[in-house]
Amino acid sequence: MNDQVIRVLVAEARRAYRRAVRALLERAGDIAVVGEAEHADAALAQVLAGRPDVALVDLRLPGDGIAVVRRIVEAVPHARVLTLSGRAEKRPLLAAINAGACGYVLKGARSDELRRAIRQAHRGEAVIGPVLASHLAERAASGGTPVEPFPDLTGRERQVLDGMIRGLDNAAIAARLSLSPKTVRNITSSVMRKLDVHTRDEAIATARATGLGRPGSS
């Protein structure tokens with residue numbers, strides 16, 4: 001099979017929803033749905049049989065969606081689990097992350113957003129939007145296990161993001177880091193892609209939601 005094709009499992013109780021997701025994903029050309037599951041046991045069996053690259057798992061999947069996330073991660077370490085949720089609810093999202101999910105997608109997301117999230121997950125990136133970033137920051141602030149924001153960013157990308165948070169433009173960041181403005185522009189684009197945002201202001205807001213840029217933060 002073409003290495004560029006991302007193999008996806010869709011685990012969701014409603015057949016009509018699964019079929020709709022299959023149809024919109026497969027229009028992309030680089031994504032193939034290799035299995036569907038309507039409950040937790042079927043999801044694990046499909047993962048073991050089909051070895052998908054990404055498993056889309058409904059948080060409310062019958063049989064315990066959170067538990068099956070953990071079972072998938074343990075059974076097939078290479079598989080990335082992206083959870084589906086009807087709402088951005090704090091407790092189940094954090095439970096999914098604790099279980100090993102790489103992020104979440106809302107069921108109301110546009111088709112391009114869902115495809116982008118799957119590609120991010122397949123690349124090994126965390127699918128962290130502003131809501132989830134804020135939740136993770138709350139967990140760290142409340143004394144829970146410390147969470148490093150945006151673990152997929154490189155050291156240089158973190159330096160550029162820090163400059164953005166401090167209100168520096170690309171020229172100032174370039175001078176600060178002894179880089180060319182073009183290099184800073186390229187790194188800024190990479191940072192925005194990994195944070196799953198479209199503008200510089202969104203990148204700054206997402207970073208600040210995790211506590212970056214506050215007094216005492218790195």
# chains A, B, ... in the order shown; residues from 1 in each chain; ligands from 1
call {"tool": "residues_around", "arguments": {"residues": "region 6-12 of chain A", "least_positions_apart": "4", "cutoff": "9 Å", "atoms": "only C-alpha atoms", "output": "PyMOL selection string"}}
result
chain A and resi 2+17-18+21-22+30-40+42-43+46-47+50-62+65+84+118-119+122
call {"tool": "residues_around", "arguments": {"residues": "Gly167 (chain A)", "least_positions_apart": "6", "cutoff": "10 Å", "atoms": "only C-alpha atoms", "output": "ChimeraX atom specification"}}
result
/A:161,173,204
call {"tool": "residues_around", "arguments": {"residues": "Gly100 (chain A)", "least_positions_apart": "5", "cutoff": "7 Å", "atoms": "only C-alpha atoms", "output": "list in words"}}
result
Val69, Arg70 and Val73 of chain A
call {"tool": "write_last_selection", "arguments": {"atoms": "all heavy atoms", "output": "tab-separated table (two decimals), in the first residue's frame"}}
result
chain	number	residue	atom	x	y	z
A	69	VAL	N	-9.46	3.45	24.62
A	69	VAL	CA	-8.30	4.25	24.22
A	69	VAL	C	-7.05	3.67	24.85
A	69	VAL	O	-6.04	3.43	24.18
A	69	VAL	CB	-8.47	5.73	24.66
A	69	VAL	CG1	-7.15	6.49	24.48
A	69	VAL	CG2	-9.57	6.41	23.85
A	70	ARG	N	-7.12	3.40	26.14
A	70	ARG	CA	-5.96	2.84	26.85
A	70	ARG	C	-5.59	1.46	26.30
A	70	ARG	O	-4.41	1.15	26.10
A	70	ARG	CB	-6.28	2.74	28.34
A	70	ARG	CG	-5.11	2.23	29.20
A	70	ARG	CD	-5.45	2.25	30.68
A	70	ARG	NE	-5.64	3.60	31.18
A	70	ARG	CZ	-6.81	4.14	31.46
A	70	ARG	NH1	-7.93	3.44	31.31
A	70	ARG	NH2	-6.90	5.38	31.92
A	73	VAL	N	-3.84	1.81	22.87
A	73	VAL	CA	-2.47	2.31	23.01
A	73	VAL	C	-1.53	1.22	23.53
A	73	VAL	O	-0.39	1.09	23.09
A	73	VAL	CB	-2.45	3.54	23.94
A	73	VAL	CG1	-1.02	3.95	24.29
A	73	VAL	CG2	-3.18	4.71	23.30
call {"tool": "atom_distance", "arguments": {"atom1": "CA of Arg27 (chain A)", "atom2": "CA of Ser189 (chain A)"}}
result
26.1 Å
call {"tool": "select_by_dssp", "arguments": {"residues": "region 26-214 of chain A", "states": "alpha helix (DSSP H)", "output": "number ranges by chain"}}
result
A: 26, 40-50, 65-75, 90-99, 111-122, 130-141, 155-165, 170-177, 181-194, 200-209
call {"tool": "atom_distance", "arguments": {"atom1": "CA of Ala203 (chain A)", "atom2": "CA of Ala79 (chain A)"}}
result
27.5 Å
call {"tool": "atom_distance", "arguments": {"atom1": "CA of Thr199 (chain A)", "atom2": "CA of Ala23 (chain A)"}}
result
29.4 Å
call {"tool": "select_by_dssp", "arguments": {"residues": "chain A", "states": "strand (DSSP E)", "output": "JSON, numbers by chain"}}
result
{"A": [6, 7, 8, 9, 10, 11, 31, 32, 33, 34, 35, 36, 37, 54, 55, 56, 57, 58, 80, 81, 82, 83, 84, 85, 103, 104, 105, 106]}
call {"tool": "closest_residue", "arguments": {"among": "A:Arg71, A:Arg208, A:Ile66, A:Asn170", "to": "Lys182 (chain A)", "atoms": "only C-alpha atoms"}}
result
A:Asn170
